[in-house]
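Undergrad: Just one file: entry_15.cif, with mmCIF, C-alpha atoms.
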data_upload
loop_
_atom_site.group_PDB
_atom_site.id
_atom_site.type_symbol
_atom_site.label_atom_id
_atom_site.label_comp_id
_atom_site.auth_asym_id
_atom_site.auth_seq_id
_atom_site.Cartn_x
_atom_site.Cartn_y
_atom_site.Cartn_z
ATOM 1 C CA MET A 1 0.000 0.000 0.000
ATOM 2 C CA THR A 2 1.319 3.440 -0.884
ATOM 3 C CA ALA A 3 1.616 6.201 1.691
ATOM 4 C CA TYR A 4 -1.661 7.952 2.381
ATOM 5 C CA ASP A 5 -1.935 11.632 3.362
ATOM 6 C CA PHE A 6 -4.327 11.278 6.309
ATOM 7 C CA GLU A 7 -4.290 14.979 7.166
ATOM 8 C CA ARG A 8 -5.726 16.048 3.796
ATOM 9 C CA SER A 9 -9.002 14.301 4.667
ATOM 10 C CA ILE A 10 -9.337 15.649 8.223
ATOM 11 C CA VAL A 11 -11.415 18.827 8.286
ATOM 12 C CA ASP A 12 -10.891 21.604 10.832
ATOM 13 C CA ILE A 13 -14.156 22.969 12.233
ATOM 14 C CA PRO A 14 -13.457 26.241 14.079
ATOM 15 C CA ASP A 15 -15.380 27.134 17.229
ATOM 16 C CA TYR A 16 -16.945 23.686 17.644
ATOM 17 C CA PRO A 17 -18.262 22.561 20.066
ATOM 18 C CA GLU A 18 -17.525 25.919 21.696
ATOM 19 C CA PRO A 19 -15.711 29.157 20.784
ATOM 20 C CA GLY A 20 -11.936 28.816 20.615
ATOM 21 C CA VAL A 21 -11.925 25.068 19.950
ATOM 22 C CA VAL A 22 -10.860 23.703 16.558
ATOM 23 C CA PHE A 23 -12.615 20.355 16.138
ATOM 24 C CA LYS A 24 -10.761 17.791 14.003
ATOM 25 C CA ASP A 25 -13.445 16.020 11.952
ATOM 26 C CA ILE A 26 -12.296 12.569 10.820
ATOM 27 C CA THR A 27 -15.596 11.605 9.190
ATOM 28 C CA PRO A 28 -14.443 12.576 5.652
ATOM 29 C CA LEU A 29 -11.374 10.353 6.106
ATOM 30 C CA ILE A 30 -13.311 7.288 7.225
ATOM 31 C CA ALA A 31 -16.068 7.948 4.658
ATOM 32 C CA ASP A 32 -13.459 7.522 1.920
ATOM 33 C CA ALA A 33 -12.875 3.802 1.271
ATOM 34 C CA GLU A 34 -9.205 4.294 0.438
ATOM 35 C CA GLY A 35 -8.634 6.526 3.475
ATOM 36 C CA PHE A 36 -10.458 4.240 5.889
ATOM 37 C CA SER A 37 -8.579 1.220 4.574
ATOM 38 C CA ALA A 38 -5.282 3.099 4.924
ATOM 39 C CA VAL A 39 -6.072 3.924 8.582
ATOM 40 C CA ILE A 40 -6.861 0.291 9.403
ATOM 41 C CA GLU A 41 -3.861 -1.078 7.497
ATOM 42 C CA ALA A 42 -1.438 1.422 9.059
ATOM 43 C CA ILE A 43 -2.492 0.737 12.657
ATOM 44 C CA ALA A 44 -2.852 -3.026 12.220
ATOM 45 C CA GLY A 45 0.351 -3.214 10.193
ATOM 46 C CA HIS A 46 2.314 -1.450 12.898
ATOM 47 C CA PHE A 47 1.249 -4.033 15.492
ATOM 48 C CA GLU A 48 0.887 -7.145 13.300
ATOM 49 C CA ASN A 49 3.862 -8.953 14.854
ATOM 50 C CA ALA A 50 2.966 -8.165 18.478
ATOM 51 C CA GLY A 51 0.862 -11.296 19.052
ATOM 52 C CA ILE A 52 -2.351 -9.339 19.626
ATOM 53 C CA THR A 53 -5.270 -11.522 20.741
ATOM 54 C CA LYS A 54 -7.741 -8.749 21.684
ATOM 55 C CA VAL A 55 -8.325 -5.151 20.651
ATOM 56 C CA ILE A 56 -10.089 -2.826 23.091
ATOM 57 C CA GLY A 57 -11.855 0.340 21.947
ATOM 58 C CA ALA A 58 -13.952 2.910 23.790
ATOM 59 C CA GLU A 59 -17.357 3.954 22.578
ATOM 60 C CA ALA A 60 -18.221 5.182 20.165
ATOM 61 C CA ARG A 61 -15.458 6.238 17.823
ATOM 62 C CA GLY A 62 -13.050 3.642 19.209
ATOM 63 C CA PHE A 63 -15.483 1.042 17.862
ATOM 64 C CA MET A 64 -15.214 2.454 14.323
ATOM 65 C CA VAL A 65 -11.441 2.042 14.205
ATOM 66 C CA GLY A 66 -10.850 -0.724 16.732
ATOM 67 C CA ALA A 67 -13.218 -3.362 15.356
ATOM 68 C CA PRO A 68 -11.756 -3.394 11.823
ATOM 69 C CA VAL A 69 -8.209 -3.375 13.246
ATOM 70 C CA ALA A 70 -9.145 -6.413 15.351
ATOM 71 C CA HIS A 71 -10.541 -8.140 12.272
ATOM 72 C CA ARG A 72 -7.387 -7.353 10.279
ATOM 73 C CA LEU A 73 -5.209 -8.770 13.105
ATOM 74 C CA GLY A 74 -7.349 -11.892 13.538
ATOM 75 C CA ALA A 75 -8.091 -10.790 17.119
ATOM 76 C CA GLY A 76 -11.249 -10.394 19.156
ATOM 77 C CA PHE A 77 -12.761 -6.966 19.808
ATOM 78 C CA VAL A 78 -13.671 -5.785 23.322
ATOM 79 C CA PRO A 79 -15.977 -2.762 23.581
ATOM 80 C CA ALA A 80 -15.296 -0.410 26.498
ATOM 81 C CA ARG A 81 -18.696 1.146 27.229
ATOM 82 C CA LYS A 82 -20.194 3.805 29.436
ATOM 83 C CA PRO A 83 -21.665 2.433 32.703
ATOM 84 C CA GLY A 84 -24.868 0.448 32.413
ATOM 85 C CA LYS A 85 -24.545 -0.417 28.712
ATOM 86 C CA LEU A 86 -23.223 -3.981 29.019
ATOM 87 C CA PRO A 87 -25.613 -6.806 30.021
ATOM 88 C CA ARG A 88 -23.362 -9.076 32.084
ATOM 89 C CA GLU A 89 -20.909 -8.700 34.980
ATOM 90 C CA THR A 90 -18.527 -5.827 34.318
ATOM 91 C CA VAL A 91 -15.317 -4.281 35.583
ATOM 92 C CA SER A 92 -15.342 -0.478 35.726
ATOM 93 C CA GLU A 93 -12.656 2.199 35.724
ATOM 94 C CA SER A 94 -13.265 5.903 36.423
ATOM 95 C CA TYR A 95 -11.253 8.716 34.888
ATOM 96 C CA ALA A 96 -11.115 12.486 35.212
ATOM 97 C CA LEU A 97 -12.718 14.891 32.784
ATOM 98 C CA GLU A 98 -12.213 18.639 32.619
ATOM 99 C CA TYR A 99 -15.350 19.065 34.728
ATOM 100 C CA GLY A 100 -16.030 15.900 36.735
ATOM 101 C CA THR A 101 -15.474 12.220 36.087
ATOM 102 C CA ASP A 102 -16.676 9.465 33.812
ATOM 103 C CA ALA A 103 -16.156 5.709 33.654
ATOM 104 C CA LEU A 104 -15.722 2.862 31.211
ATOM 105 C CA GLU A 105 -16.719 -0.763 31.664
ATOM 106 C CA VAL A 106 -15.879 -4.058 29.994
ATOM 107 C CA HIS A 107 -17.345 -7.482 30.575
ATOM 108 C CA ALA A 108 -15.424 -9.179 33.386
ATOM 109 C CA ASP A 109 -14.685 -12.192 31.180
ATOM 110 C CA ALA A 110 -13.773 -10.276 28.007
ATOM 111 C CA ILE A 111 -10.021 -10.204 28.649
ATOM 112 C CA GLY A 112 -7.892 -12.693 30.540
ATOM 113 C CA PRO A 113 -4.335 -13.446 31.611
ATOM 114 C CA ASP A 114 -3.469 -15.144 28.313
ATOM 115 C CA ASP A 115 -4.424 -12.096 26.246
ATOM 116 C CA VAL A 116 -2.130 -9.609 24.549
ATOM 117 C CA VAL A 117 -4.173 -6.443 24.082
ATOM 118 C CA LEU A 118 -4.006 -3.506 21.692
ATOM 119 C CA LEU A 119 -5.931 -0.354 22.578
ATOM 120 C CA VAL A 120 -7.272 1.443 19.480
ATOM 121 C CA ASP A 121 -9.086 4.766 19.236
ATOM 122 C CA ASP A 122 -9.665 7.534 16.732
ATOM 123 C CA LEU A 123 -8.125 10.202 18.956
ATOM 124 C CA VAL A 124 -6.042 10.657 22.073
ATOM 125 C CA ALA A 125 -6.322 14.075 23.712
ATOM 126 C CA THR A 126 -5.430 14.237 27.411
ATOM 127 C CA GLY A 127 -4.965 10.476 27.691
ATOM 128 C CA GLY A 128 -7.685 9.933 30.329
ATOM 129 C CA THR A 129 -9.768 7.473 28.329
ATOM 130 C CA ALA A 130 -6.671 5.570 27.221
ATOM 131 C CA VAL A 131 -5.370 5.331 30.796
ATOM 132 C CA ALA A 132 -8.757 4.049 32.023
ATOM 133 C CA GLN A 133 -8.694 1.305 29.377
ATOM 134 C CA ALA A 134 -5.080 0.439 30.219
ATOM 135 C CA ARG A 135 -6.088 0.027 33.854
ATOM 136 C CA LEU A 136 -8.993 -2.238 32.870
ATOM 137 C CA VAL A 137 -6.627 -4.438 30.857
ATOM 138 C CA GLU A 138 -4.199 -4.582 33.784
ATOM 139 C CA ARG A 139 -6.945 -5.363 36.310
ATOM 140 C CA LEU A 140 -8.088 -8.283 34.171
ATOM 141 C CA GLY A 141 -4.554 -9.699 34.142
ATOM 142 C CA ALA A 142 -3.714 -9.247 30.455
ATOM 143 C CA ARG A 143 -0.695 -7.582 28.873
ATOM 144 C CA LEU A 144 -1.202 -4.272 27.066
ATOM 145 C CA ALA A 145 1.118 -4.421 24.063
ATOM 146 C CA GLY A 146 0.360 -0.993 22.651
ATOM 147 C CA MET A 147 -1.989 1.827 21.823
ATOM 148 C CA GLY A 148 -2.826 2.859 18.266
ATOM 149 C CA PHE A 149 -4.517 6.150 17.452
ATOM 150 C CA LEU A 150 -5.589 7.769 14.221
ATOM 151 C CA MET A 151 -4.837 11.201 15.715
ATOM 152 C CA GLU A 152 -2.921 12.520 18.720
ATOM 153 C CA LEU A 153 -3.480 16.004 20.104
ATOM 154 C CA ALA A 154 0.168 16.298 21.148
ATOM 155 C CA PHE A 155 -0.290 19.853 22.423
ATOM 156 C CA LEU A 156 -2.355 18.358 25.273
ATOM 157 C CA ASP A 157 0.574 16.033 26.167
ATOM 158 C CA PRO A 158 -1.312 12.711 26.432
ATOM 159 C CA ARG A 159 1.906 10.687 26.415
ATOM 160 C CA THR A 160 2.852 11.951 29.878
ATOM 161 C CA ALA A 161 -0.407 10.666 31.403
ATOM 162 C CA ILE A 162 -0.105 7.410 29.492
ATOM 163 C CA ALA A 163 3.530 6.876 30.541
ATOM 164 C CA GLN A 164 2.515 7.231 34.185
ATOM 165 C CA ALA A 165 0.072 4.330 33.759
ATOM 166 C CA THR A 166 1.824 1.948 31.350
ATOM 167 C CA ASP A 167 4.995 1.382 29.380
ATOM 168 C CA ALA A 168 2.993 0.183 26.355
ATOM 169 C CA GLU A 169 3.993 1.628 22.996
ATOM 170 C CA VAL A 170 1.969 4.605 21.734
ATOM 171 C CA PHE A 171 1.556 4.885 17.937
ATOM 172 C CA SER A 172 -0.309 7.720 16.190
ATOM 173 C CA LEU A 173 -0.895 8.269 12.473
ATOM 174 C CA VAL A 174 -1.444 12.035 12.760
ATOM 175 C CA ARG A 175 0.121 14.278 15.372
ATOM 176 C CA VAL A 176 -1.386 17.720 16.023
ATOM 177 C CA ASP A 177 1.152 19.980 17.747
#
Can the structure in the file be given as structure tokens, please?
TA:
Amino acid sequence: MTAYDFERSIVDIPDYPEPGVVFKDITPLIADAEGFSAVIEAIAGHFENAGITKVIGAEARGFMVGAPVAHRLGAGFVPARKPGKLPRETVSESYALEYGTDALEVHADAIGPDDVVLLVDDLVATGGTAVAQARLVERLGARLAGMGFLMELAFLDPRTAIAQATDAEVFSLVRVD
């Protein structure tokens, strides 16, 4: 596969969702078959020799990228959901937001000690959601091999928060400084 210019298909939306924020809209990129395929191939290709058995992704955009990466790697997909969305016994992890807290849950039997896990999401900003998922993987006894993101908001320094929680590799296709 030839190199793909991911940034050309990401649209800046100024003052969304509030004044002063520049929203990075990835929907044109994933709406384009070639672009979406390039995202999946680049993330999966980077981790294809890591022995991944499960991919974890947080709702909802982590599902869009994580599930096809899992398929490409021949791994299972584990959805990390907001509280109350999963029907069986769950394990929960809270994380800080700018104003308050939130939590993610996975089924208690979704990941086990024999699993090698890859965390996949469309975006990493402050790292809070990624750290919560890393803690869930750790609590369930698996090994977190890495984290793959379509985009990293590097100016928010997510790698510092992530490094405090795990030594797993962080890989991003697009870095916004």
Undergrad: Which is closer to Gln133 of chain A than all the others in A:Gly66, A:Pro113, A:Gly35, A:Gly57, using only C-alpha atoms?
TA: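 Counting only C-alpha atoms, the residue closest to Gln133 of chain A is A:Gly57.
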Undergrad: Could you list the residues chosen by the PyMOL selection byres ((chain A and resi 121-126) around 6) in this structure as number ranges by chain?
TA: A: 57, 62, 120, 127-128, 149-153, 156, 158
Undergrad: Enumerate, as a list in words, the residues matched when the PyMOL selection byres ((chain A and resi 9) around 12) is run on the file above.
TA: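 After applying the PyMOL selection byres ((chain A and resi 9) around 12), what remains is Tyr4, Asp5, Phe6, Glu7, Arg8, Ile10, Val11, Asp12, Lys24, Asp25, Ile26, Thr27, Pro28, Leu29, Ile30, Ala31, Asp32, Ala33, Glu34, Gly35, Phe36, Ala38, Val39 and Val174 of chain A.
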Undergrad: Dump as a tab-separated table the rows for residues of segment 118-151 of chain A within 10 Å of segment 69-78 of chain A: closest atom pair and distance in Å with one decimal, all atoms listed in the file counted, ordered by chain and rising residue number.
TA:
residue	atom	partner	partner_atom	distance
A:Leu118	CA	A:Ala70	CA	8.7
A:Leu119	CA	A:Val78	CA	9.5
A:Val120	CA	A:Val69	CA	7.9
A:Gly148	CA	A:Val69	CA	9.6
Undergrad: Between A:Val65, A:Ile52, A:Ala60, A:Ala132, which residue has the minimum interatomic distance to Ile40 of chain A, considering only C-alpha atoms?
TA: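 Among the listed residues, A:Val65 lies closest to Ile40 of chain A.
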Undergrad: Taking the file as I've supplied it (selection: the PyMOL selection byres ((chain A and resi 83) around 12)), which residues are included? Please answer as a list in words.
TA: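 Listing what the PyMOL selection byres ((chain A and resi 83) around 12) selects in the shown file: Ala58, Glu59, Pro79, Ala80, Arg81, Lys82, Gly84, Lys85, Leu86, Pro87, Arg88, Glu89, Thr90, Val91, Ser92, Glu93, Ser94, Asp102, Ala103, Leu104, Glu105, Val106 and His107 of chain A.
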Undergrad: Go ahead and dump the residues you just picked, C-alpha atoms, as an mmCIF file, in the coordinates of the input.
TA:
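Saved to selection.cif:
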data_model
loop_
_atom_site.group_PDB
_atom_site.id
_atom_site.type_symbol
_atom_site.label_atom_id
_atom_site.label_comp_id
_atom_site.auth_asym_id
_atom_site.auth_seq_id
_atom_site.Cartn_x
_atom_site.Cartn_y
_atom_site.Cartn_z
ATOM 1 C CA ALA A 58 -13.952 2.910 23.790
ATOM 2 C CA GLU A 59 -17.357 3.954 22.578
ATOM 3 C CA PRO A 79 -15.977 -2.762 23.581
ATOM 4 C CA ALA A 80 -15.296 -0.410 26.498
ATOM 5 C CA ARG A 81 -18.696 1.146 27.229
ATOM 6 C CA LYS A 82 -20.194 3.805 29.436
ATOM 7 C CA GLY A 84 -24.868 0.448 32.413
ATOM 8 C CA LYS A 85 -24.545 -0.417 28.712
ATOM 9 C CA LEU A 86 -23.223 -3.981 29.019
ATOM 10 C CA PRO A 87 -25.613 -6.806 30.021
ATOM 11 C CA ARG A 88 -23.362 -9.076 32.084
ATOM 12 C CA GLU A 89 -20.909 -8.700 34.980
ATOM 13 C CA THR A 90 -18.527 -5.827 34.318
ATOM 14 C CA VAL A 91 -15.317 -4.281 35.583
ATOM 15 C CA SER A 92 -15.342 -0.478 35.726
ATOM 16 C CA GLU A 93 -12.656 2.199 35.724
ATOM 17 C CA SER A 94 -13.265 5.903 36.423
ATOM 18 C CA ASP A 102 -16.676 9.465 33.812
ATOM 19 C CA ALA A 103 -16.156 5.709 33.654
ATOM 20 C CA LEU A 104 -15.722 2.862 31.211
ATOM 21 C CA GLU A 105 -16.719 -0.763 31.664
ATOM 22 C CA VAL A 106 -15.879 -4.058 29.994
ATOM 23 C CA HIS A 107 -17.345 -7.482 30.575
#
Undergrad: Please compute the atom CA of Val131 of chain A-atom CA of Asp157 of chain A distance, one decimal, in Å.
TA: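 Between these atoms lies a distance of 13.1 Å.
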Undergrad: Compile the contact shell of Arg135 of chain A as number ranges by chain: residues with an atom at most 9 Å away, counting only C-alpha atoms, same-chain residues fewer than 4 positions apart removed.
TA: A: 93, 130-131, 139-140, 165-166
Undergrad: For the residues in the current selection, export C-alpha atoms as a CSV table (one decimal), in the coordinates of the input.
TA:
chain,number,residue,atom,x,y,z
A,93,GLU,CA,-12.7,2.2,35.7
A,130,ALA,CA,-6.7,5.6,27.2
A,131,VAL,CA,-5.4,5.3,30.8
A,139,ARG,CA,-6.9,-5.4,36.3
A,140,LEU,CA,-8.1,-8.3,34.2
A,165,ALA,CA,0.1,4.3,33.8
A,166,THR,CA,1.8,1.9,31.4
Undergrad: From the list A:Met147, A:Phe63, A:Asp114, A:Val176, which residue is nearest Ile43 of chain A when using all atoms listed in the file?
TA: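 Once distances to Ile43 of chain A are computed over all atoms listed in the file, the minimum belongs to A:Met147.
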Undergrad: Please indicate the distance in Å from atom CA of Arg61 of chain A to atom CA of Phe23 of chain A, rounded to one decimal place.
TA: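 Here the two named atoms are 14.5 Å from each other.
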Undergrad: Which residue gives the smallest distance to Ala44 of chain A among A:Ala96, A:Ile111, A:Ala67, A:Ile162, with all atoms listed in the file counted?
TA: A:Ala67
Undergrad: Give me, please, the distance in Å between atom CA of Ala163 of chain A and atom CA of Gly20 of chain A, quoted to one decimal.
TA: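 The value is 28.6 Å.
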Undergrad: Quick one: axis-aligned box around all listed atoms of segment 112-129 of chain A, 4 Å on every side, centre and edge lengths in Å to one decimal, written as AutoDock Vina command-line options.
TA:
--center_x -5.9 --center_y -0.5 --center_z 24.2 --size_x 15.6 --size_y 37.4 --size_z 22.9
